[in-house]
$ cat work_21.pdb   # PDB, C-alpha atoms
ATOM      1  CA  MET A  23       0.000   0.000   0.000  1.00  0.00           C
ATOM      2  CA  ARG A  24       1.443   3.382  -0.952  1.00  0.00           C
ATOM      3  CA  ILE A  25       0.717   6.415   1.161  1.00  0.00           C
ATOM      4  CA  ASP A  26       0.633   9.793  -0.557  1.00  0.00           C
ATOM      5  CA  LEU A  27       1.745  11.947   2.353  1.00  0.00           C
ATOM      6  CA  LYS A  28       0.894  15.181   0.509  1.00  0.00           C
ATOM      7  CA  ARG A  29      -2.685  14.004   0.042  1.00  0.00           C
ATOM      8  CA  VAL A  30      -2.916  12.801   3.617  1.00  0.00           C
ATOM      9  CA  LEU A  31      -1.673  16.094   5.010  1.00  0.00           C
ATOM     10  CA  SER A  32      -3.683  18.364   2.780  1.00  0.00           C
ATOM     11  CA  GLY A  33      -6.829  16.302   2.498  1.00  0.00           C
ATOM     12  CA  GLU A  34      -6.804  16.956  -1.245  1.00  0.00           C
ATOM     13  CA  ASP A  35      -6.099  14.612  -4.108  1.00  0.00           C
ATOM     14  CA  HIS A  36      -3.615  16.908  -5.868  1.00  0.00           C
ATOM     15  CA  PRO A  37      -2.436  19.801  -3.717  1.00  0.00           C
ATOM     16  CA  ALA A  38      -0.966  22.517  -5.904  1.00  0.00           C
ATOM     17  CA  ASP A  39       0.706  24.131  -2.913  1.00  0.00           C
ATOM     18  CA  PRO A  40       2.383  21.744  -0.426  1.00  0.00           C
ATOM     19  CA  TRP A  41       3.422  24.515   2.001  1.00  0.00           C
ATOM     20  CA  PRO A  42       0.197  24.513   4.065  1.00  0.00           C
ATOM     21  CA  GLY A  43       0.690  20.771   4.601  1.00  0.00           C
ATOM     22  CA  TYR A  44       4.256  21.353   5.769  1.00  0.00           C
ATOM     23  CA  ALA A  45       3.000  24.048   8.151  1.00  0.00           C
ATOM     24  CA  ARG A  46       0.481  21.537   9.562  1.00  0.00           C
ATOM     25  CA  LEU A  47       3.347  19.111  10.143  1.00  0.00           C
ATOM     26  CA  ARG A  48       5.108  21.738  12.248  1.00  0.00           C
ATOM     27  CA  GLU A  49       1.953  22.803  14.106  1.00  0.00           C
ATOM     28  CA  GLU A  50       0.689  19.267  14.725  1.00  0.00           C
ATOM     29  CA  PRO A  51       3.751  17.003  14.874  1.00  0.00           C
ATOM     30  CA  VAL A  52       1.691  13.906  15.760  1.00  0.00           C
ATOM     31  CA  ARG A  53      -1.335  13.376  13.583  1.00  0.00           C
ATOM     32  CA  ARG A  54      -3.689  10.423  13.118  1.00  0.00           C
ATOM     33  CA  VAL A  55      -4.662   9.965   9.478  1.00  0.00           C
ATOM     34  CA  ARG A  56      -7.115   7.686   7.724  1.00  0.00           C
ATOM     35  CA  LEU A  57      -5.548   5.675   4.937  1.00  0.00           C
ATOM     36  CA  ARG A  58      -8.774   3.967   3.926  1.00  0.00           C
ATOM     37  CA  GLU A  59     -11.916   2.620   5.558  1.00  0.00           C
ATOM     38  CA  GLY A  60     -10.944   1.077   8.876  1.00  0.00           C
ATOM     39  CA  LEU A  61      -7.204   1.649   8.445  1.00  0.00           C
ATOM     40  CA  PHE A  62      -5.464   4.486  10.274  1.00  0.00           C
ATOM     41  CA  CYS A  63      -1.871   5.413  10.974  1.00  0.00           C
ATOM     42  CA  TRP A  64       0.014   8.095  12.832  1.00  0.00           C
ATOM     43  CA  VAL A  65       2.241  10.603  11.036  1.00  0.00           C
ATOM     44  CA  VAL A  66       4.976  11.753  13.415  1.00  0.00           C
ATOM     45  CA  SER A  67       6.889  14.728  12.023  1.00  0.00           C
ATOM     46  CA  GLY A  68       8.438  16.400  15.064  1.00  0.00           C
ATOM     47  CA  TYR A  69      11.966  15.459  16.097  1.00  0.00           C
ATOM     48  CA  ALA A  70      11.227  15.183  19.812  1.00  0.00           C
ATOM     49  CA  GLU A  71       7.989  13.321  19.130  1.00  0.00           C
ATOM     50  CA  ALA A  72       9.729  10.889  16.754  1.00  0.00           C
ATOM     51  CA  ARG A  73      12.484  10.181  19.288  1.00  0.00           C
ATOM     52  CA  ALA A  74       9.861   9.570  21.962  1.00  0.00           C
ATOM     53  CA  ALA A  75       7.860   7.236  19.688  1.00  0.00           C
ATOM     54  CA  LEU A  76      10.937   5.300  18.575  1.00  0.00           C
ATOM     55  CA  SER A  77      12.035   4.716  22.159  1.00  0.00           C
ATOM     56  CA  ASP A  78       8.576   3.884  23.553  1.00  0.00           C
ATOM     57  CA  PRO A  79       8.481   0.146  24.351  1.00  0.00           C
ATOM     58  CA  ARG A  80       4.697   0.121  23.862  1.00  0.00           C
ATOM     59  CA  LEU A  81       5.166   0.796  20.139  1.00  0.00           C
ATOM     60  CA  SER A  82       6.633  -1.651  17.645  1.00  0.00           C
ATOM     61  CA  ARG A  83       7.663  -1.701  13.990  1.00  0.00           C
ATOM     62  CA  ASP A  84       7.424  -5.501  13.936  1.00  0.00           C
ATOM     63  CA  PRO A  85       4.440  -6.536  11.779  1.00  0.00           C
ATOM     64  CA  ARG A  86       3.998  -9.702  13.844  1.00  0.00           C
ATOM     65  CA  PHE A  87       2.589  -7.429  16.566  1.00  0.00           C
ATOM     66  CA  ALA A  88       0.418  -5.353  14.239  1.00  0.00           C
ATOM     67  CA  ARG A  89      -3.328  -5.186  14.605  1.00  0.00           C
ATOM     68  CA  ALA A  90      -5.322  -7.460  12.303  1.00  0.00           C
ATOM     69  CA  GLU A  91      -6.304  -4.687   9.875  1.00  0.00           C
ATOM     70  CA  TRP A  92      -2.628  -3.906   9.239  1.00  0.00           C
ATOM     71  CA  ARG A  93      -1.718  -7.543   8.699  1.00  0.00           C
ATOM     72  CA  GLU A  94      -4.647  -7.873   6.297  1.00  0.00           C
ATOM     73  CA  ALA A  95      -3.533  -4.738   4.447  1.00  0.00           C
ATOM     74  CA  ASP A  96      -0.595  -6.724   3.108  1.00  0.00           C
ATOM     75  CA  ARG A  97      -2.986  -8.929   1.137  1.00  0.00           C
ATOM     76  CA  GLY A  98      -2.208 -12.090   3.073  1.00  0.00           C
ATOM     77  CA  ARG A  99       1.484 -12.281   2.209  1.00  0.00           C
ATOM     78  CA  ALA A 100       3.520 -14.331   4.633  1.00  0.00           C
ATOM     79  CA  LEU A 101       5.523 -12.184   7.050  1.00  0.00           C
ATOM     80  CA  GLU A 102       8.762 -13.936   6.142  1.00  0.00           C
ATOM     81  CA  ASP A 103       8.476 -13.656   2.337  1.00  0.00           C
ATOM     82  CA  GLY A 104      10.594 -10.473   2.177  1.00  0.00           C
ATOM     83  CA  ALA A 105       7.792  -8.407   0.655  1.00  0.00           C
ATOM     84  CA  ASN A 106       6.125  -5.339   2.084  1.00  0.00           C
ATOM     85  CA  LEU A 107       5.294  -5.986   5.763  1.00  0.00           C
ATOM     86  CA  GLY A 108       7.928  -8.710   6.034  1.00  0.00           C
ATOM     87  CA  VAL A 109      10.078  -9.191   9.108  1.00  0.00           C
ATOM     88  CA  HIS A 110      13.583  -7.831   8.478  1.00  0.00           C
ATOM     89  CA  LEU A 111      16.259  -5.635  10.056  1.00  0.00           C
ATOM     90  CA  LEU A 112      14.194  -2.442   9.760  1.00  0.00           C
ATOM     91  CA  THR A 113      11.144  -3.974  11.440  1.00  0.00           C
ATOM     92  CA  ARG A 114      12.868  -5.891  14.235  1.00  0.00           C
ATOM     93  CA  GLU A 115      12.960  -4.660  17.794  1.00  0.00           C
ATOM     94  CA  PRO A 116      15.843  -5.128  20.264  1.00  0.00           C
ATOM     95  CA  PRO A 117      17.436  -7.478  20.992  1.00  0.00           C
ATOM     96  CA  ASP A 118      16.939  -8.948  17.481  1.00  0.00           C
ATOM     97  CA  HIS A 119      17.490  -5.586  15.771  1.00  0.00           C
ATOM     98  CA  THR A 120      20.644  -4.971  17.811  1.00  0.00           C
ATOM     99  CA  ARG A 121      22.051  -8.394  16.948  1.00  0.00           C
ATOM    100  CA  MET A 122      21.270  -8.027  13.243  1.00  0.00           C
ATOM    101  CA  ARG A 123      22.560  -4.446  13.083  1.00  0.00           C
ATOM    102  CA  ARG A 124      25.828  -5.524  14.676  1.00  0.00           C
ATOM    103  CA  LEU A 125      26.404  -7.838  11.694  1.00  0.00           C
ATOM    104  CA  VAL A 126      26.494  -4.923   9.225  1.00  0.00           C
ATOM    105  CA  THR A 127      27.813  -2.039  11.362  1.00  0.00           C
ATOM    106  CA  ALA A 128      31.432  -2.417  10.232  1.00  0.00           C
ATOM    107  CA  ASP A 129      30.353  -2.183   6.586  1.00  0.00           C
ATOM    108  CA  PHE A 130      28.859   1.263   7.220  1.00  0.00           C
ATOM    109  CA  SER A 131      31.680   2.793   9.275  1.00  0.00           C
ATOM    110  CA  THR A 132      33.456   6.093   8.523  1.00  0.00           C
ATOM    111  CA  HIS A 133      36.536   4.132   7.439  1.00  0.00           C
ATOM    112  CA  GLN A 134      34.496   2.063   4.970  1.00  0.00           C
ATOM    113  CA  ALA A 135      32.803   5.203   3.657  1.00  0.00           C
ATOM    114  CA  ALA A 136      36.206   6.745   2.887  1.00  0.00           C
ATOM    115  CA  ALA A 137      37.218   3.554   1.063  1.00  0.00           C
ATOM    116  CA  VAL A 138      34.237   3.767  -1.315  1.00  0.00           C
ATOM    117  CA  ARG A 139      34.366   7.533  -1.951  1.00  0.00           C
ATOM    118  CA  GLY A 140      35.455   7.034  -5.587  1.00  0.00           C
ATOM    119  CA  ARG A 141      32.624   4.611  -6.314  1.00  0.00           C
ATOM    120  CA  LEU A 142      30.191   7.007  -4.646  1.00  0.00           C
ATOM    121  CA  ARG A 143      31.344   9.879  -6.876  1.00  0.00           C
ATOM    122  CA  GLU A 144      31.074   7.616  -9.953  1.00  0.00           C
ATOM    123  CA  LEU A 145      27.498   6.609  -9.079  1.00  0.00           C
ATOM    124  CA  ALA A 146      26.517  10.208  -8.272  1.00  0.00           C
ATOM    125  CA  ASP A 147      27.913  11.448 -11.593  1.00  0.00           C
ATOM    126  CA  SER A 148      26.098   8.687 -13.473  1.00  0.00           C
ATOM    127  CA  LEU A 149      22.770   9.525 -11.828  1.00  0.00           C
ATOM    128  CA  ILE A 150      23.202  13.234 -12.538  1.00  0.00           C
ATOM    129  CA  ASP A 151      24.103  12.449 -16.154  1.00  0.00           C
ATOM    130  CA  GLY A 152      20.852  10.504 -16.366  1.00  0.00           C
ATOM    131  CA  PHE A 153      18.567  13.387 -15.393  1.00  0.00           C
ATOM    132  CA  ALA A 154      20.640  16.427 -16.430  1.00  0.00           C
ATOM    133  CA  PRO A 155      19.342  16.391 -20.035  1.00  0.00           C
ATOM    134  CA  ARG A 156      15.777  16.709 -18.697  1.00  0.00           C
ATOM    135  CA  GLY A 157      16.731  19.842 -16.792  1.00  0.00           C
ATOM    136  CA  THR A 158      14.779  18.693 -13.720  1.00  0.00           C
ATOM    137  CA  ALA A 159      14.973  15.932 -11.157  1.00  0.00           C
ATOM    138  CA  GLU A 160      13.109  14.721  -8.116  1.00  0.00           C
ATOM    139  CA  LEU A 161      15.901  14.728  -5.535  1.00  0.00           C
ATOM    140  CA  ILE A 162      14.818  11.654  -3.580  1.00  0.00           C
ATOM    141  CA  ALA A 163      13.515   9.431  -6.399  1.00  0.00           C
ATOM    142  CA  ASP A 164      16.108  10.364  -9.032  1.00  0.00           C
ATOM    143  CA  PHE A 165      19.199  10.813  -6.897  1.00  0.00           C
ATOM    144  CA  ALA A 166      19.275  10.164  -3.139  1.00  0.00           C
ATOM    145  CA  TYR A 167      17.406   6.852  -3.075  1.00  0.00           C
ATOM    146  CA  PRO A 168      19.119   5.163  -6.047  1.00  0.00           C
ATOM    147  CA  LEU A 169      22.511   6.419  -4.843  1.00  0.00           C
ATOM    148  CA  ALA A 170      21.981   5.027  -1.339  1.00  0.00           C
ATOM    149  CA  ILE A 171      20.612   1.696  -2.540  1.00  0.00           C
ATOM    150  CA  SER A 172      23.423   1.208  -5.067  1.00  0.00           C
ATOM    151  CA  MET A 173      26.064   1.970  -2.445  1.00  0.00           C
ATOM    152  CA  ILE A 174      24.474  -0.343   0.111  1.00  0.00           C
ATOM    153  CA  ALA A 175      24.261  -3.107  -2.483  1.00  0.00           C
ATOM    154  CA  ASP A 176      27.944  -2.575  -3.361  1.00  0.00           C
ATOM    155  CA  VAL A 177      29.026  -2.607   0.283  1.00  0.00           C
ATOM    156  CA  LEU A 178      27.031  -5.767   0.963  1.00  0.00           C
ATOM    157  CA  GLY A 179      28.543  -7.453  -2.084  1.00  0.00           C
ATOM    158  CA  VAL A 180      25.337  -7.763  -4.105  1.00  0.00           C
ATOM    159  CA  PRO A 181      26.371  -8.618  -7.688  1.00  0.00           C
ATOM    160  CA  LYS A 182      25.721  -5.809 -10.209  1.00  0.00           C
ATOM    161  CA  GLU A 183      23.239  -7.974 -12.130  1.00  0.00           C
ATOM    162  CA  ASP A 184      21.135  -8.309  -8.949  1.00  0.00           C
ATOM    163  CA  HIS A 185      21.033  -4.585  -8.069  1.00  0.00           C
ATOM    164  CA  SER A 186      17.585  -4.089  -9.620  1.00  0.00           C
ATOM    165  CA  ILE A 187      16.006  -6.907  -7.583  1.00  0.00           C
ATOM    166  CA  PHE A 188      17.840  -5.665  -4.466  1.00  0.00           C
ATOM    167  CA  ARG A 189      16.385  -2.202  -5.082  1.00  0.00           C
ATOM    168  CA  GLN A 190      12.877  -3.678  -5.402  1.00  0.00           C
ATOM    169  CA  TRP A 191      13.242  -5.655  -2.178  1.00  0.00           C
ATOM    170  CA  THR A 192      14.561  -2.573  -0.409  1.00  0.00           C
ATOM    171  CA  SER A 193      11.719  -0.431  -1.745  1.00  0.00           C
ATOM    172  CA  ASN A 194       9.190  -2.950  -0.467  1.00  0.00           C
ATOM    173  CA  ALA A 195      10.865  -3.139   2.928  1.00  0.00           C
ATOM    174  CA  VAL A 196      11.255   0.613   3.403  1.00  0.00           C
ATOM    175  CA  ARG A 197       7.790   1.441   2.128  1.00  0.00           C
ATOM    176  CA  HIS A 198       6.249  -0.528   4.983  1.00  0.00           C
ATOM    177  CA  ALA A 199       8.881  -0.304   7.696  1.00  0.00           C
TER     178      ALA A 199
END
$ encode --input "work_21.pdb" --output "structure tokens"
Amino acid sequence: MRIDLKRVLSGEDHPADPWPGYARLREEPVRRVRLREGLFCWVVSGYAEARAALSDPRLSRDPRFARAEWREADRGRALEDGANLGVHLLTREPPDHTRMRRLVTADFSTHQAAAVRGRLRELADSLIDGFAPRGTAELIADFAYPLAISMIADVLGVPKEDHSIFRQWTSNAVRHA
């Protein structure tokens, strides 16, 4: 299920001006929104509120603890199939999350980042070359997300021919994490 945050915040299908929605995010940093009949979520946009929510033991990202309507929203897919609401590093809680994160921490260290600086520049240049002729780009979709996913795939040793499937898996995981 995709959530159009602009629509959710503005209450309109196609807001021409997103700034009132951004103002609402600042004024009301915790907001309950209806995604569809019987399915609600909370949008948490304030830094302090997000930190509080992320550290509150009563809340969980793990879909195994989700209410029935959320589990059903994933169209009956098994939690372990790697799609959408699957159970993975981003949806695990401590101590599982801590154990799993420890396995990849060294790969994302400052030292490792310095070692891949050249590859990062190469990927960034390639992405920019891809959208520069258009004269416009969507920063997240056209640059930041593909750059991050490609670098993560490289660091994890995902073969180049599998980068597209890795990106799809990551998109599914992040979309519902």
$ closest_residue --input "work_21.pdb" --among "A:Cys63, A:Tyr44, A:Ile174, A:Val55" --to "Thr127 of chain A" --atoms "all atoms listed in the file"
A:Ile174
$ atom_distance --input "work_21.pdb" --atom1 "atom CA of Pro51 of chain A" --atom2 "atom CA of Gly68 of chain A"
4.7 Å
$ residues_near_point --input "work_21.pdb" --point "(27.9, 8.1, -6.5)" --cutoff "10 Å" --atoms "all atoms listed in the file" --output "list of chain:residue names"
A:Val138, A:Arg139, A:Gly140, A:Arg141, A:Leu142, A:Arg143, A:Glu144, A:Leu145, A:Ala146, A:Asp147, A:Ser148, A:Leu149, A:Ile150, A:Phe165, A:Ala166, A:Pro168, A:Leu169, A:Ala170, A:Ser172, A:Met173
$ residues_near_point --input "work_21.pdb" --point "(-4.0, -1.1, 12.7)" --cutoff "8 Å" --atoms "all atoms listed in the file" --output "ChimeraX atom specification"
/A:61-63,88-93
$ residues_around --input "work_21.pdb" --residues "Asp129 of chain A" --least-positions-apart "6" --cutoff "12 Å" --atoms "only C-alpha atoms" --output "ChimeraX atom specification"
/A:123,135-138,173-179
$ residues_around --input "work_21.pdb" --residues "Arg53 of chain A" --least-positions-apart "4" --cutoff "8 Å" --atoms "all atoms listed in the file" --output "number ranges by chain"
A: 64-66
$ write_last_selection --input "work_21.pdb" --atoms "C-alpha atoms" --output "compact mmCIF listing (two decimals), keeping the file's coordinate frame"
# COMPACT_ATOMS: atom_id res chain seq x y z
CA TRP A 64 0.01 8.10 12.83
CA VAL A 65 2.24 10.60 11.04
CA VAL A 66 4.98 11.75 13.42
$ axis_aligned_box --input "work_21.pdb" --around "segment 136-145 of chain A" --padding-each-side "8 Å" --output "JSON"
{"center_x": 32.4, "center_y": 6.7, "center_z": -3.5, "size_x": 25.7, "size_y": 22.3, "size_z": 28.8}
$ atom_distance --input "work_21.pdb" --atom1 "atom CA of Arg83 of chain A" --atom2 "atom CA of Ala45 of chain A"
26.8 Å
$ atom_distance --input "work_21.pdb" --atom1 "atom CA of Asp84 of chain A" --atom2 "atom CA of Glu115 of chain A"
6.8 Å
$ decode --input "work_21.pdb" --residues "segment 38-68 of chain A" --atoms "N, CA, C and O atoms" --output "mmCIF file, in the first residue's frame"
data_model
loop_
_atom_site.group_PDB
_atom_site.id
_atom_site.type_symbol
_atom_site.label_atom_id
_atom_site.label_comp_id
_atom_site.auth_asym_id
_atom_site.auth_seq_id
_atom_site.Cartn_x
_atom_site.Cartn_y
_atom_site.Cartn_z
ATOM 1 N N ALA A 38 -1.844 21.699 -5.064
ATOM 2 C CA ALA A 38 -0.966 22.517 -5.904
ATOM 3 C C ALA A 38 0.098 23.193 -5.053
ATOM 4 O O ALA A 38 1.176 23.507 -5.547
ATOM 5 N N ASP A 39 -0.210 23.420 -3.804
ATOM 6 C CA ASP A 39 0.706 24.131 -2.913
ATOM 7 C C ASP A 39 0.951 23.270 -1.669
ATOM 8 O O ASP A 39 0.095 23.159 -0.803
ATOM 9 N N PRO A 40 2.131 22.627 -1.568
ATOM 10 C CA PRO A 40 2.383 21.744 -0.426
ATOM 11 C C PRO A 40 2.693 22.486 0.872
ATOM 12 O O PRO A 40 2.671 21.887 1.942
ATOM 13 N N TRP A 41 2.963 23.784 0.822
ATOM 14 C CA TRP A 41 3.422 24.515 2.001
ATOM 15 C C TRP A 41 2.431 24.517 3.152
ATOM 16 O O TRP A 41 2.842 24.391 4.308
ATOM 17 N N PRO A 42 1.122 24.620 2.926
ATOM 18 C CA PRO A 42 0.197 24.513 4.065
ATOM 19 C C PRO A 42 0.296 23.154 4.769
ATOM 20 O O PRO A 42 0.198 23.076 5.987
ATOM 21 N N GLY A 43 0.513 22.090 4.003
ATOM 22 C CA GLY A 43 0.690 20.771 4.601
ATOM 23 C C GLY A 43 1.939 20.713 5.461
ATOM 24 O O GLY A 43 1.932 20.132 6.548
ATOM 25 N N TYR A 44 3.017 21.320 4.986
ATOM 26 C CA TYR A 44 4.256 21.353 5.769
ATOM 27 C C TYR A 44 4.054 22.160 7.051
ATOM 28 O O TYR A 44 4.570 21.796 8.109
ATOM 29 N N ALA A 45 3.290 23.242 6.958
ATOM 30 C CA ALA A 45 3.000 24.048 8.151
ATOM 31 C C ALA A 45 2.214 23.216 9.162
ATOM 32 O O ALA A 45 2.479 23.283 10.363
ATOM 33 N N ARG A 46 1.248 22.408 8.658
ATOM 34 C CA ARG A 46 0.481 21.537 9.562
ATOM 35 C C ARG A 46 1.387 20.521 10.251
ATOM 36 O O ARG A 46 1.188 20.180 11.407
ATOM 37 N N LEU A 47 2.397 20.040 9.540
ATOM 38 C CA LEU A 47 3.347 19.111 10.143
ATOM 39 C C LEU A 47 4.075 19.755 11.314
ATOM 40 O O LEU A 47 4.337 19.115 12.325
ATOM 41 N N ARG A 48 4.418 21.032 11.161
ATOM 42 C CA ARG A 48 5.108 21.738 12.248
ATOM 43 C C ARG A 48 4.152 22.039 13.400
ATOM 44 O O ARG A 48 4.512 21.912 14.560
ATOM 45 N N GLU A 49 2.928 22.441 13.078
ATOM 46 C CA GLU A 49 1.953 22.803 14.106
ATOM 47 C C GLU A 49 1.408 21.589 14.847
ATOM 48 O O GLU A 49 1.097 21.664 16.031
ATOM 49 N N GLU A 50 1.263 20.483 14.155
ATOM 50 C CA GLU A 50 0.689 19.267 14.725
ATOM 51 C C GLU A 50 1.638 18.102 14.414
ATOM 52 O O GLU A 50 1.417 17.333 13.490
ATOM 53 N N PRO A 51 2.713 17.974 15.200
ATOM 54 C CA PRO A 51 3.751 17.003 14.874
ATOM 55 C C PRO A 51 3.375 15.538 15.081
ATOM 56 O O PRO A 51 4.123 14.651 14.690
ATOM 57 N N VAL A 52 2.213 15.273 15.664
ATOM 58 C CA VAL A 52 1.691 13.906 15.760
ATOM 59 C C VAL A 52 0.258 13.980 15.281
ATOM 60 O O VAL A 52 -0.561 14.696 15.850
ATOM 61 N N ARG A 53 -0.012 13.250 14.199
ATOM 62 C CA ARG A 53 -1.335 13.376 13.583
ATOM 63 C C ARG A 53 -1.844 12.004 13.147
ATOM 64 O O ARG A 53 -1.146 11.261 12.473
ATOM 65 N N ARG A 54 -3.052 11.668 13.541
ATOM 66 C CA ARG A 54 -3.689 10.423 13.118
ATOM 67 C C ARG A 54 -4.353 10.680 11.767
ATOM 68 O O ARG A 54 -5.086 11.659 11.610
ATOM 69 N N VAL A 55 -4.088 9.800 10.810
ATOM 70 C CA VAL A 55 -4.662 9.965 9.478
ATOM 71 C C VAL A 55 -5.334 8.673 9.039
ATOM 72 O O VAL A 55 -4.914 7.577 9.397
ATOM 73 N N ARG A 56 -6.376 8.821 8.273
ATOM 74 C CA ARG A 56 -7.115 7.686 7.724
ATOM 75 C C ARG A 56 -6.509 7.355 6.377
ATOM 76 O O ARG A 56 -6.420 8.213 5.505
ATOM 77 N N LEU A 57 -6.097 6.106 6.212
ATOM 78 C CA LEU A 57 -5.548 5.675 4.937
ATOM 79 C C LEU A 57 -6.645 5.155 4.021
ATOM 80 O O LEU A 57 -6.624 5.372 2.824
ATOM 81 N N ARG A 58 -7.588 4.462 4.618
ATOM 82 C CA ARG A 58 -8.774 3.967 3.926
ATOM 83 C C ARG A 58 -9.743 3.495 5.002
ATOM 84 O O ARG A 58 -9.422 3.518 6.186
ATOM 85 N N GLU A 59 -10.898 3.049 4.608
ATOM 86 C CA GLU A 59 -11.916 2.620 5.558
ATOM 87 C C GLU A 59 -11.348 1.612 6.551
ATOM 88 O O GLU A 59 -10.842 0.564 6.178
ATOM 89 N N GLY A 60 -11.389 1.973 7.824
ATOM 90 C CA GLY A 60 -10.944 1.077 8.876
ATOM 91 C C GLY A 60 -9.439 0.980 9.071
ATOM 92 O O GLY A 60 -8.985 0.203 9.895
ATOM 93 N N LEU A 61 -8.661 1.739 8.336
ATOM 94 C CA LEU A 61 -7.204 1.649 8.445
ATOM 95 C C LEU A 61 -6.628 3.044 8.695
ATOM 96 O O LEU A 61 -6.759 3.934 7.865
ATOM 97 N N PHE A 62 -6.025 3.203 9.861
ATOM 98 C CA PHE A 62 -5.464 4.486 10.274
ATOM 99 C C PHE A 62 -3.992 4.322 10.601
ATOM 100 O O PHE A 62 -3.528 3.227 10.915
ATOM 101 N N CYS A 63 -3.263 5.411 10.537
ATOM 102 C CA CYS A 63 -1.871 5.413 10.974
ATOM 103 C C CYS A 63 -1.596 6.756 11.646
ATOM 104 O O CYS A 63 -2.425 7.663 11.620
ATOM 105 N N TRP A 64 -0.429 6.854 12.225
ATOM 106 C CA TRP A 64 0.014 8.095 12.832
ATOM 107 C C TRP A 64 1.177 8.649 12.013
ATOM 108 O O TRP A 64 2.108 7.918 11.686
ATOM 109 N N VAL A 65 1.123 9.919 11.677
ATOM 110 C CA VAL A 65 2.241 10.603 11.036
ATOM 111 C C VAL A 65 2.932 11.388 12.142
ATOM 112 O O VAL A 65 2.307 12.220 12.807
ATOM 113 N N VAL A 66 4.196 11.087 12.369
ATOM 114 C CA VAL A 66 4.976 11.753 13.415
ATOM 115 C C VAL A 66 6.064 12.553 12.711
ATOM 116 O O VAL A 66 6.971 11.988 12.107
ATOM 117 N N SER A 67 5.965 13.882 12.775
ATOM 118 C CA SER A 67 6.889 14.728 12.023
ATOM 119 C C SER A 67 7.828 15.550 12.899
ATOM 120 O O SER A 67 8.798 16.100 12.394
ATOM 121 N N GLY A 68 7.569 15.637 14.173
ATOM 122 C CA GLY A 68 8.438 16.400 15.064
ATOM 123 C C GLY A 68 9.606 15.566 15.551
ATOM 124 O O GLY A 68 9.455 14.370 15.834
#
